[in-house]
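Presented below is the structure to which this report refers.
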Amino acid sequence: MNEIVTFNDEGLESRSLSSYTEQAYLNYSMYVILDRALPHIGDGLKPVQRRIVYAMSELGLKATAKYKKSARTVGDVIGKFHPHGDSAAYEAMVLMAQPFSYRYPLVDGQGNWGSQDDPKSFAAMRYTESKLSKYAELLLSELGQGTANWRPNFDASLEEPEILPARVPSVLLNGTTGIAVGMATDIPPHNLNEVVNACLHLLDNPKADIAELMGFIKGPDFPSDAEIITPVADILSTYESGRGSIKMRAVWNREDTDVIVTALPFQASGSKILEQIAAQMRNKKLPMVADLRDESDHENPTRLVITPRSNRIDIEALMGHLFATTDLERSYRVNLNIIGVDGKPAVMNLRRILKEWLSFRIDVTRRRLDYRLQKVEKRLYLLDSLLVAFLNIDEVINIIRTEDQAKPALMHRFAFSDIQADYILDTKLRQLARLEEIKIRTEQDELRQEKAELELLLSSDVRLKTLVKKELKASAEEYGDARRSPLAERTEAQAFNEKDLLTAEPITVVLSDKGWLRAGKGHEIDPSSLNYKSGDKFLSATLGRSNQNVFLQDTTGRYYVLPAHTLPSARGQGEPATGRLNPPSGSLFTDVMMGADKQKILLGTDAGYGFVATIGDLYTKNKAGKAVVSIPKGGRILSPKMVAEDNPLIVAVSNEGRLLAFPLSELPELSRGKGNKIINIPSSRLQAREEFVVDYAIIADGGSLIVHSGKRYLVMKQKDLEHYLGERGRRGHKLPRGFQKVDRLEAE
């Protein structure tokens with residue numbers, strides 16, 4: 001749809017509000033993107049940073065100069081080049097002076113410029129002093145050599161450089177962050193030596209891919225000694241796409257029983273980390289830590305001390321939890337969104353960044369050489385006229401003294417150009433007197449030689465690239481340093497779950513006949529001696545630890561889970577399990593047990609079927625439980641039995657006093673089901689409840705069996721059981737007289 005623009009009688013433009021607001025917003029968006037938030041690939045600076053550096057150079061605040069009040073710099077910046085708030089300009093300046101924020105600071109500050117714990121704690125600009133750092137020379141040293149395009153400042157009273165002629169890829173070295181309209185940038189810092197070496201390799205091998213370049217640039221290099229733990233494959237993917245993330249982890253070691261943190265991730269605050277750990281301790285989510293201290297000083301800028309509660313604490317697991325839950329480990333977004341040499345923003349991969357910067361650098365070098373060539377040619381041109389004037393000094397003086405118009409006379413007599421004649425007339429007589437012919441000719445020879453070298457360089461792309469390489473090497477030798485952020489392969493940090501944070505105290509869990517649960521401290525509790533509600537009594541008990549789960553079995557073969565540490569104390573009468581669980585109508589709880597997830601158990605029914613499972617197989621988060629044991633028609637669930645590890649035997653006894661023993665290994669290991677036949681119980685007799693299994697027992701190798709019948713009991717050693725050994729699923733043999741009605745079996 002074409003926009004309709006009209007003009008009234010006074011010549012004022014009339015546009016629709018929607019058209020005007022759309023255009024205004026687009027203009028604002030482009031301004032924020034190009035002139036505020038995103039860095040340029042040439043010098044790696046945003047406009048405010050570039051203006052601060054340039055204003056400081058104009059004030060003569062080079063690395064060798066004396067410090068000046070920061071307010072003087074900020075005043076020049078906002079008054080001449082950047083008409084924004086003084087606090088915004090000063091904060092940008094502070095950032096460039098903080099060695100913990102910039103990998104290669106551009107400003108050398110004196111006074112309080114903030115700390116790693118609190119970067120915003122810097123003093124006001126009227127108190128601090130500053131000058132440019134030595135590294136800033138890499139951005140400014142070629143500025144007056146025809147290498148930059150200039151544009152008017154905001155009020156057209158001065159000129160400022162559009163891009164500084166950087167001698168190194170500063171966009172990667174210091175990195176930057178910024179938020180524009182509809183886009184953002186997050187460029188991590190890198191090591192100067194590594195980036196320069198990658199540039200040199202790319203100049204020699206233009207087709208080198210990103211994997212090759214990563215042979216030189218291992219990854220980002222933050223102004224922190226913390227480890228980069230991002231896998232190499234992920235870093236490669238980030239460099240290939242221009243988007244990704246980098247993860248850093250604090251460096252720590254052990255001194256006696258203490259954990260000493262010696263390096264924190266980039267922009268992480270030690271005081272904040274201690275607060276995060278202390279908050280977990282207050283909330284009882286970190287019971288294994290006894291004390292925290294900050295022992296940082298001038299000799300040890302980072303020294304955080306974490307004291308475990310005992311030397312039995314798993315330090316690796318503790319630190320893994322802290323990495324997962326505090327700023328001891330941090331992730332940094334990478335978004336290589338940069339304004340390219342064409343003036344357009346784009347998300348670039350590593351190869352494109354280096355290629356575009358190298359093309360920028362080659363162009364800057366060519367412009368610098370061309371500018372110098374013009375200077376040399378102009379000087380030679382003037383020296384030619386100076387030599388003629390020196391050789392004819394008397395005649396030149398006579399013309400100047402006698403002629404009304406000396407300039408045309410000189411031009412006519414010696415064939416000088418207008419520029420040459422002005423130069424001779426502007427030269428002081430005493431300078432001509434001091435000049436000697438040999439000095440002029442020596443300077444001419446030197447300049448002619450330099451001119452030839454410059455023309456040779458400008459005529460050959462190969463020689464130009466060689467010069468760029470030479471200058472890059474020189475910059476790296478002078479300003480380069482070793483990598484600060486080591487790369488390391490580490491396992492992923494895991495936070496403690498609720499069970500891990502619990503103390504593993506011994507407890508006894510008691511289940512009553514009416515389904516009431518409670519837990520008492522220790523394993524010495526006699527459940528039958530506890531106080532029960534009227535009409536209730538003891539049903540089942542189990543021994544375990546407070547950080548384990550409690551498993552309940554009901555009459556339908558379902559299992560339910562409750563955390564042991566949530567159970568009420570055994571000092572009271574407990575609480576009904578049905579208050580937390582939702583068993584089927586009519587079902588009753590029959591047993592309670594605890595144990596390790598890998599602990600094997602025998603699950604079976606009085607129909608003579610059973611199988612081996614693990615306690616972990618019973619786990620469920622469902623309040624309605626998990627169906628594990630399938631009960632044949634007419635059968636009933638029996639109590640689960642813990643399985644011994646040493647070649648155990650399974651013993652089954654029926655209500656008719658028939659006993660069968662065989663190796664437990666003959667039973668299958670299942671997670672749920674009916675199982676296999678253990679002892680033969682005819683189904684018709686089972687359904688009539690005439691014959692059924694009374695109990696099972698698991699006997700370890702060398703153990704014995706106690707058969708209880710009323711008040712009588714029979715102890716059977718391994719040799720006594722040989723008579724009852726048989727194949728799985730048989731009827732078994734009759735027990736001796738007096739033990740035809742067995743109440744239960746007990747293994748020893």
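How things are named: the first chain in the structure tokens is A, the next is B, and so on; residues count from 1 in each chain; ligands count from 1 in the order shown.
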If we count only C-alpha atoms, what is near A:Leu164 at a cut-off of 10 Å, once residues fewer than 5 positions away on the same chain are taken out, given as a tab-separated table (two decimals) with all heavy atoms, in the first residue's frame?
```
chain	number	residue	atom	x	y	z
A	40	HIS	N	31.38	-2.80	16.26
A	40	HIS	CA	31.81	-2.91	14.86
A	40	HIS	C	32.96	-3.89	14.77
A	40	HIS	O	33.81	-3.96	15.66
A	40	HIS	CB	32.24	-1.54	14.32
A	40	HIS	CG	32.40	-1.51	12.83
A	40	HIS	ND1	33.54	-2.00	12.20
A	40	HIS	CD2	31.58	-1.06	11.84
A	40	HIS	CE1	33.40	-1.85	10.89
A	40	HIS	NE2	32.22	-1.29	10.65
A	42	GLY	N	35.51	-3.85	13.02
A	42	GLY	CA	36.83	-3.25	12.83
A	42	GLY	C	37.59	-3.05	14.12
A	42	GLY	O	38.69	-3.58	14.29
A	43	ASP	N	37.00	-2.28	15.06
A	43	ASP	CA	37.70	-2.01	16.32
A	43	ASP	C	37.03	-2.68	17.51
A	43	ASP	O	37.53	-2.58	18.64
A	43	ASP	CB	37.81	-0.50	16.56
A	43	ASP	CG	36.45	0.20	16.55
A	43	ASP	OD1	35.42	-0.50	16.59
A	43	ASP	OD2	36.42	1.44	16.47
A	44	GLY	N	35.91	-3.38	17.29
A	44	GLY	CA	35.26	-4.11	18.37
A	44	GLY	C	34.61	-3.23	19.41
A	44	GLY	O	34.30	-3.71	20.51
A	45	LEU	N	34.37	-1.96	19.09
A	45	LEU	CA	33.84	-1.03	20.08
A	45	LEU	C	32.44	-0.56	19.71
A	45	LEU	O	32.08	-0.47	18.54
A	45	LEU	CB	34.75	0.20	20.19
A	45	LEU	CG	36.20	-0.04	20.60
A	45	LEU	CD1	36.97	1.27	20.59
A	45	LEU	CD2	36.28	-0.70	21.97
A	50	ARG	N	34.13	3.95	21.77
A	50	ARG	CA	35.02	4.56	20.79
A	50	ARG	C	35.22	6.04	21.11
A	50	ARG	O	36.33	6.57	21.02
A	50	ARG	CB	34.45	4.38	19.39
A	50	ARG	CG	35.34	4.83	18.26
A	50	ARG	CD	34.68	4.55	16.92
A	50	ARG	NE	34.36	3.14	16.75
A	50	ARG	CZ	33.13	2.66	16.63
A	50	ARG	NH1	32.08	3.49	16.67
A	50	ARG	NH2	32.92	1.37	16.49
A	51	ARG	N	34.16	6.71	21.48
A	51	ARG	CA	34.24	8.15	21.78
A	51	ARG	C	35.02	8.42	23.05
A	51	ARG	O	35.74	9.42	23.14
A	51	ARG	CB	32.82	8.73	21.86
A	51	ARG	CG	32.15	8.83	20.51
A	51	ARG	CD	30.66	8.98	20.60
A	51	ARG	NE	30.06	9.13	19.27
A	51	ARG	CZ	28.77	8.98	19.01
A	51	ARG	NH1	27.93	8.65	19.99
A	51	ARG	NH2	28.32	9.13	17.79
A	53	VAL	N	37.54	6.52	24.19
A	53	VAL	CA	38.95	6.30	23.84
A	53	VAL	C	39.48	7.47	23.02
A	53	VAL	O	40.59	7.98	23.27
A	53	VAL	CB	39.10	4.97	23.08
A	53	VAL	CG1	40.51	4.82	22.51
A	53	VAL	CG2	38.77	3.79	23.99
A	54	TYR	N	38.70	7.93	22.06
A	54	TYR	CA	39.17	9.04	21.21
A	54	TYR	C	39.28	10.33	22.01
A	54	TYR	O	40.26	11.08	21.87
A	54	TYR	CB	38.21	9.22	20.03
A	54	TYR	CG	38.58	10.39	19.14
A	54	TYR	CD1	39.78	10.40	18.43
A	54	TYR	CD2	37.74	11.50	19.02
A	54	TYR	CE1	40.13	11.48	17.62
A	54	TYR	CE2	38.07	12.58	18.23
A	54	TYR	CZ	39.27	12.56	17.53
A	54	TYR	OH	39.63	13.62	16.74
A	138	LEU	N	46.98	-0.03	20.47
A	138	LEU	CA	46.64	-0.90	19.34
A	138	LEU	C	45.44	-0.38	18.56
A	138	LEU	O	45.23	-0.76	17.41
A	138	LEU	CB	46.34	-2.32	19.85
A	138	LEU	CG	47.55	-3.12	20.36
A	138	LEU	CD1	47.09	-4.43	20.96
A	138	LEU	CD2	48.54	-3.38	19.24
A	139	LEU	N	44.66	0.50	19.19
A	139	LEU	CA	43.50	1.08	18.52
A	139	LEU	C	43.79	2.46	17.95
A	139	LEU	O	43.15	2.89	16.99
A	139	LEU	CB	42.32	1.18	19.50
A	139	LEU	CG	41.83	-0.11	20.16
A	139	LEU	CD1	40.74	0.20	21.16
A	139	LEU	CD2	41.33	-1.10	19.13
A	140	LEU	N	44.76	3.17	18.55
A	140	LEU	CA	44.94	4.59	18.24
A	140	LEU	C	46.22	4.93	17.48
A	140	LEU	O	46.32	6.01	16.91
A	140	LEU	CB	44.93	5.40	19.55
A	140	LEU	CG	43.62	5.41	20.33
A	140	LEU	CD1	43.85	5.90	21.75
A	140	LEU	CD2	42.58	6.27	19.63
A	141	SER	N	47.19	4.03	17.47
A	141	SER	CA	48.52	4.39	16.97
A	141	SER	C	48.52	4.79	15.50
A	141	SER	O	49.40	5.54	15.06
A	141	SER	CB	49.50	3.23	17.19
A	141	SER	OG	49.05	2.07	16.50
A	142	GLU	N	47.56	4.33	14.72
A	142	GLU	CA	47.54	4.65	13.29
A	142	GLU	C	46.43	5.62	12.92
A	142	GLU	O	46.13	5.82	11.74
A	142	GLU	CB	47.38	3.35	12.48
A	142	GLU	CG	48.51	2.35	12.70
A	142	GLU	CD	48.27	1.03	11.98
A	142	GLU	OE1	47.19	0.88	11.37
A	142	GLU	OE2	49.13	0.14	12.05
A	143	LEU	N	45.82	6.25	13.93
A	143	LEU	CA	44.63	7.07	13.67
A	143	LEU	C	44.92	8.27	12.78
A	143	LEU	O	44.13	8.61	11.90
A	143	LEU	CB	44.04	7.54	15.00
A	143	LEU	CG	42.71	8.29	14.91
A	143	LEU	CD1	41.64	7.44	14.23
A	143	LEU	CD2	42.23	8.71	16.30
A	147	THR	N	43.92	6.45	7.98
A	147	THR	CA	43.35	5.10	8.06
A	147	THR	C	41.87	5.10	8.45
A	147	THR	O	41.24	4.04	8.41
A	147	THR	CB	44.12	4.29	9.13
A	147	THR	OG1	44.14	5.04	10.34
A	147	THR	CG2	45.55	4.05	8.68
A	148	ALA	N	41.33	6.22	8.88
A	148	ALA	CA	39.95	6.26	9.36
A	148	ALA	C	39.12	7.24	8.54
A	148	ALA	O	39.63	8.26	8.06
A	148	ALA	CB	39.92	6.65	10.84
A	149	ASN	N	37.85	6.92	8.42
A	149	ASN	CA	36.90	7.89	7.85
A	149	ASN	C	36.39	8.77	8.99
A	149	ASN	O	36.15	8.29	10.10
A	149	ASN	CB	35.72	7.15	7.20
A	149	ASN	CG	36.15	6.36	5.98
A	149	ASN	OD1	37.09	6.73	5.28
A	149	ASN	ND2	35.48	5.24	5.74
A	364	VAL	N	42.96	-1.11	5.95
A	364	VAL	CA	43.57	-0.08	6.80
A	364	VAL	C	45.06	0.05	6.49
A	364	VAL	O	45.60	1.15	6.37
A	364	VAL	CB	43.36	-0.41	8.29
A	364	VAL	CG1	44.26	0.46	9.17
A	364	VAL	CG2	41.91	-0.19	8.68
```
- Message: Please list as a list of chain:residue names every residue within 10 Å of A:Gly604, counting only C-alpha atoms and excluding residues in the same chain fewer than 2 positions away.
- Response: A:Gly557, A:Ile601, A:Leu602, A:Asp606, A:Ala607, A:Gly608, A:Tyr609, A:Gly610, A:Phe611, A:Val612, A:Val629, A:Ser630, A:Ile631, A:Arg636, A:Ile637, A:Leu638, A:Ser639, A:Pro640, A:Lys641, A:Gly673, A:Lys674, A:Gly675, A:Asn676, A:Lys677, A:Ile678, A:Val693, A:Asp695, A:Tyr696
Selection file, N, CA and C atoms, as a CSV table (one decimal), in the first residue's frame:
```csv
chain,number,residue,atom,x,y,z
A,557,GLY,N,-1.6,-57.3,46.7
A,557,GLY,CA,-0.3,-57.5,46.0
A,557,GLY,C,0.3,-56.1,45.5
A,601,ILE,N,14.6,-59.5,47.1
A,601,ILE,CA,13.6,-60.0,48.0
A,601,ILE,C,12.8,-61.1,47.3
A,602,LEU,N,12.2,-62.0,48.1
A,602,LEU,CA,11.3,-63.0,47.6
A,602,LEU,C,9.9,-62.5,47.9
A,606,ASP,N,0.4,-67.6,49.1
A,606,ASP,CA,0.2,-69.0,49.8
A,606,ASP,C,-0.3,-70.0,48.8
A,607,ALA,N,-0.5,-69.6,47.5
A,607,ALA,CA,-0.8,-70.5,46.4
A,607,ALA,C,0.4,-71.3,46.0
A,608,GLY,N,1.5,-71.0,46.5
A,608,GLY,CA,2.7,-71.8,46.2
A,608,GLY,C,3.5,-71.1,45.0
A,609,TYR,N,3.2,-69.9,44.6
A,609,TYR,CA,4.0,-69.2,43.6
A,609,TYR,C,4.8,-68.1,44.1
A,610,GLY,N,5.9,-67.8,43.5
A,610,GLY,CA,6.7,-66.7,43.9
A,610,GLY,C,7.8,-66.4,42.9
A,611,PHE,N,8.5,-65.2,43.1
A,611,PHE,CA,9.6,-64.8,42.3
A,611,PHE,C,10.5,-63.9,43.1
A,612,VAL,N,11.7,-63.7,42.5
A,612,VAL,CA,12.7,-62.8,43.2
A,612,VAL,C,12.7,-61.4,42.5
A,629,VAL,N,2.5,-58.1,42.6
A,629,VAL,CA,2.3,-59.6,42.8
A,629,VAL,C,0.9,-59.9,42.3
A,630,SER,N,0.9,-60.8,41.3
A,630,SER,CA,-0.4,-61.4,40.8
A,630,SER,C,-0.8,-62.5,41.7
A,631,ILE,N,-2.0,-62.5,42.3
A,631,ILE,CA,-2.4,-63.5,43.3
A,631,ILE,C,-3.4,-64.4,42.6
A,636,ARG,N,-3.5,-65.9,48.8
A,636,ARG,CA,-3.3,-64.7,49.6
A,636,ARG,C,-1.8,-64.4,49.6
A,637,ILE,N,-1.6,-63.1,49.7
A,637,ILE,CA,-0.2,-62.6,49.7
A,637,ILE,C,0.5,-63.0,51.0
A,638,LEU,N,1.8,-63.4,50.9
A,638,LEU,CA,2.6,-63.7,52.1
A,638,LEU,C,3.6,-62.6,52.3
A,639,SER,N,4.2,-62.5,53.5
A,639,SER,CA,5.2,-61.5,53.8
A,639,SER,C,6.4,-61.7,52.9
A,640,PRO,N,7.0,-60.6,52.4
A,640,PRO,CA,8.2,-60.6,51.6
A,640,PRO,C,9.4,-61.0,52.5
A,641,LYS,N,10.4,-61.7,51.9
A,641,LYS,CA,11.6,-62.2,52.6
A,641,LYS,C,12.8,-61.6,51.9
A,673,GLY,N,4.6,-59.8,38.6
A,673,GLY,CA,4.0,-61.0,38.0
A,673,GLY,C,3.5,-62.0,39.0
A,674,LYS,N,3.2,-63.2,38.6
A,674,LYS,CA,2.8,-64.3,39.4
A,674,LYS,C,3.9,-65.1,40.0
A,675,GLY,N,5.0,-65.2,39.1
A,675,GLY,CA,6.1,-66.0,39.5
A,675,GLY,C,6.0,-67.5,39.1
A,676,ASN,N,6.9,-68.3,39.5
A,676,ASN,CA,6.9,-69.7,39.2
A,676,ASN,C,6.4,-70.5,40.4
A,677,LYS,N,6.1,-71.8,40.2
A,677,LYS,CA,5.6,-72.6,41.3
A,677,LYS,C,6.7,-73.0,42.2
A,678,ILE,N,6.6,-72.8,43.5
A,678,ILE,CA,7.6,-73.1,44.4
A,678,ILE,C,7.3,-74.5,45.0
A,693,VAL,N,0.2,-72.5,51.5
A,693,VAL,CA,1.5,-72.3,52.1
A,693,VAL,C,1.4,-71.4,53.3
A,695,ASP,N,4.2,-70.4,55.2
A,695,ASP,CA,5.4,-69.4,55.2
A,695,ASP,C,6.5,-69.9,54.3
A,696,TYR,N,7.3,-68.9,53.9
A,696,TYR,CA,8.6,-69.2,53.2
A,696,TYR,C,9.7,-68.7,54.1
```
Would you write out, as a Markdown table, a table of all residues in stretch 410-511 of chain A that have an atom no more than 12 Å from an atom of stretch 203-214 of chain A, listing for each the closest atom pair and the distance in Å to one decimal, considering only C-alpha atoms and ordering rows by chain and rising residue number?
```
| residue | atom | partner | partner_atom | distance |
| --- | --- | --- | --- | --- |
| A:Asp461 | CA | A:Leu203 | CA | 11.3 |
| A:Val462 | CA | A:Leu203 | CA | 9.9 |
| A:Arg463 | CA | A:Leu203 | CA | 11.9 |
| A:Leu464 | CA | A:Leu203 | CA | 11.0 |
| A:Lys465 | CA | A:Leu203 | CA | 7.2 |
| A:Thr466 | CA | A:Leu203 | CA | 8.8 |
| A:Leu467 | CA | A:Leu203 | CA | 11.3 |
| A:Val468 | CA | A:Leu203 | CA | 9.2 |
| A:Lys469 | CA | A:Leu203 | CA | 7.8 |
| A:Lys470 | CA | A:Leu203 | CA | 11.5 |
| A:Leu472 | CA | A:Leu203 | CA | 11.2 |
```
- Message: So that I can check the secondary structure, give me every residue of stretch 249-413 of chain A assigned alpha helix (DSSP H) by backbone DSSP, as a PyMOL selection string.
- Response: chain A and resi 270-282+315-325+350-391+393-402+406-413
- Looking at A:Ile229, A:Leu354, A:Ile399, A:Ala452, which one is nearest to A:Phe323, with distances taken over only C-alpha atoms?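 Under the stated criterion, the closest residue is A:Ile229.
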- Which polymer residues have any atom within 7 Å of an atom of stretch 326-340 of chain A, counting only C-alpha atoms, with same-chain residues fewer than 6 positions away left out, as a PyMOL selection string? chain A and resi 38-41+184-188+242-250+264-265+268+273+276+346-348
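Nearest residue to A:Asp370, choosing from A:Asn283, A:Ser585, A:Ser385, A:Gln145 and counting only C-alpha atoms: A:Gln145.
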- Pick the closest to A:Met125 from A:Lys80, A:Lys68, A:Pro576, A:Phe154: which is it, counting only C-alpha atoms? A:Lys68
- Which of A:Asp155, A:Glu690, A:Glu137, A:Glu453 sits closest to A:Ser170 [using only C-alpha atoms]: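 Distance minimum relative to A:Ser170 lands on A:Glu137.
The spacing separating atom CA of A:Ile679 from atom CA of A:Lys717 amounts to 20.9 Å.
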- Query: Residues of stretch 577-732 of chain A in strand (DSSP E or B) according to DSSP, as a ChimeraX atom specification?
  - Reply: /A:589-593,600-605,609-614,626-627,629,637,641-642,649-654,658-663,669,673,676-677,693-699,705-709,712-716,725
Using only C-alpha atoms, please write the residues we just selected to a file, as a PDB file, in the first residue's frame.
```pdb
ATOM      1  CA  PHE A 589      -1.841 -53.348  54.689  1.00  0.00           C
ATOM      2  CA  THR A 590       0.014 -56.539  55.601  1.00  0.00           C
ATOM      3  CA  ASP A 591       3.728 -55.727  55.816  1.00  0.00           C
ATOM      4  CA  VAL A 592       6.271 -52.947  55.923  1.00  0.00           C
ATOM      5  CA  MET A 593       9.907 -53.132  54.779  1.00  0.00           C
ATOM      6  CA  LYS A 600      16.825 -58.771  46.502  1.00  0.00           C
ATOM      7  CA  ILE A 601      13.564 -59.976  48.025  1.00  0.00           C
ATOM      8  CA  LEU A 602      11.305 -62.996  47.642  1.00  0.00           C
ATOM      9  CA  LEU A 603       7.697 -62.156  46.826  1.00  0.00           C
ATOM     10  CA  GLY A 604       5.143 -64.929  46.942  1.00  0.00           C
ATOM     11  CA  THR A 605       1.607 -66.095  47.717  1.00  0.00           C
ATOM     12  CA  TYR A 609       3.955 -69.235  43.569  1.00  0.00           C
ATOM     13  CA  GLY A 610       6.702 -66.656  43.882  1.00  0.00           C
ATOM     14  CA  PHE A 611       9.640 -64.833  42.289  1.00  0.00           C
ATOM     15  CA  VAL A 612      12.704 -62.784  43.193  1.00  0.00           C
ATOM     16  CA  ALA A 613      12.616 -59.001  42.760  1.00  0.00           C
ATOM     17  CA  THR A 614      14.542 -56.024  44.096  1.00  0.00           C
ATOM     18  CA  LYS A 626       1.945 -50.303  42.142  1.00  0.00           C
ATOM     19  CA  ALA A 627       0.578 -53.744  41.287  1.00  0.00           C
ATOM     20  CA  VAL A 629       2.322 -59.594  42.768  1.00  0.00           C
ATOM     21  CA  ILE A 637      -0.177 -62.605  49.721  1.00  0.00           C
ATOM     22  CA  LYS A 641      11.576 -62.160  52.582  1.00  0.00           C
ATOM     23  CA  MET A 642      15.008 -60.571  52.297  1.00  0.00           C
ATOM     24  CA  LEU A 649      17.996 -72.036  49.879  1.00  0.00           C
ATOM     25  CA  ILE A 650      14.281 -71.323  49.766  1.00  0.00           C
ATOM     26  CA  VAL A 651      12.141 -73.323  52.168  1.00  0.00           C
ATOM     27  CA  ALA A 652       8.340 -73.554  51.854  1.00  0.00           C
ATOM     28  CA  VAL A 653       5.985 -75.185  54.364  1.00  0.00           C
ATOM     29  CA  SER A 654       2.275 -75.915  53.947  1.00  0.00           C
ATOM     30  CA  ARG A 658       4.812 -80.528  54.115  1.00  0.00           C
ATOM     31  CA  LEU A 659       8.221 -78.876  53.736  1.00  0.00           C
ATOM     32  CA  LEU A 660      10.248 -78.410  50.535  1.00  0.00           C
ATOM     33  CA  ALA A 661      13.720 -76.873  50.092  1.00  0.00           C
ATOM     34  CA  PHE A 662      15.632 -76.078  46.893  1.00  0.00           C
ATOM     35  CA  PRO A 663      18.186 -73.495  45.658  1.00  0.00           C
ATOM     36  CA  GLU A 669      14.020 -62.662  38.808  1.00  0.00           C
ATOM     37  CA  GLY A 673       3.969 -60.978  37.980  1.00  0.00           C
ATOM     38  CA  ASN A 676       6.876 -69.718  39.206  1.00  0.00           C
ATOM     39  CA  LYS A 677       5.573 -72.631  41.264  1.00  0.00           C
ATOM     40  CA  VAL A 693       1.493 -72.316  52.087  1.00  0.00           C
ATOM     41  CA  VAL A 694       1.977 -71.086  55.641  1.00  0.00           C
ATOM     42  CA  ASP A 695       5.351 -69.416  55.221  1.00  0.00           C
ATOM     43  CA  TYR A 696       8.562 -69.161  53.237  1.00  0.00           C
ATOM     44  CA  ALA A 697      12.102 -68.790  54.546  1.00  0.00           C
ATOM     45  CA  ILE A 698      15.445 -67.909  52.935  1.00  0.00           C
ATOM     46  CA  ILE A 699      18.407 -69.725  54.482  1.00  0.00           C
ATOM     47  CA  LEU A 705      15.941 -73.104  60.059  1.00  0.00           C
ATOM     48  CA  ILE A 706      13.632 -72.824  63.076  1.00  0.00           C
ATOM     49  CA  VAL A 707      10.131 -74.257  62.623  1.00  0.00           C
ATOM     50  CA  HIS A 708       7.575 -72.815  65.070  1.00  0.00           C
ATOM     51  CA  SER A 709       4.440 -74.734  65.999  1.00  0.00           C
ATOM     52  CA  ARG A 712       7.147 -75.728  70.353  1.00  0.00           C
ATOM     53  CA  TYR A 713       9.953 -75.206  67.844  1.00  0.00           C
ATOM     54  CA  LEU A 714      12.293 -77.389  65.867  1.00  0.00           C
ATOM     55  CA  VAL A 715      15.852 -76.326  64.892  1.00  0.00           C
ATOM     56  CA  MET A 716      17.031 -77.800  61.590  1.00  0.00           C
ATOM     57  CA  LEU A 725      15.629 -81.041  49.330  1.00  0.00           C
TER      58      LEU A 725
END
```
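Residues in contact range of A:Arg448, defined as at most 12 Å between only C-alpha atoms, with sequence neighbours fewer than 2 positions away removed, read A:Leu373, A:Lys375, A:Val376, A:Glu377, A:Lys378, A:Arg379, A:Leu380, A:Tyr381, A:Leu383, A:Asp384, A:Arg441, A:Thr442, A:Glu443, A:Gln444, A:Asp445, A:Glu446, A:Glu450, A:Lys451, A:Ala452, A:Glu453, A:Leu454, A:Glu455.
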- Message: Counting only C-alpha atoms, which residue out of A:Gln553, A:Ser534, A:Gln573, A:Gln718 sits closest to A:Ala519?
- Response: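 Among A:Gln553, A:Ser534, A:Gln573, A:Gln718, it is A:Gln573 that comes nearest to A:Ala519.
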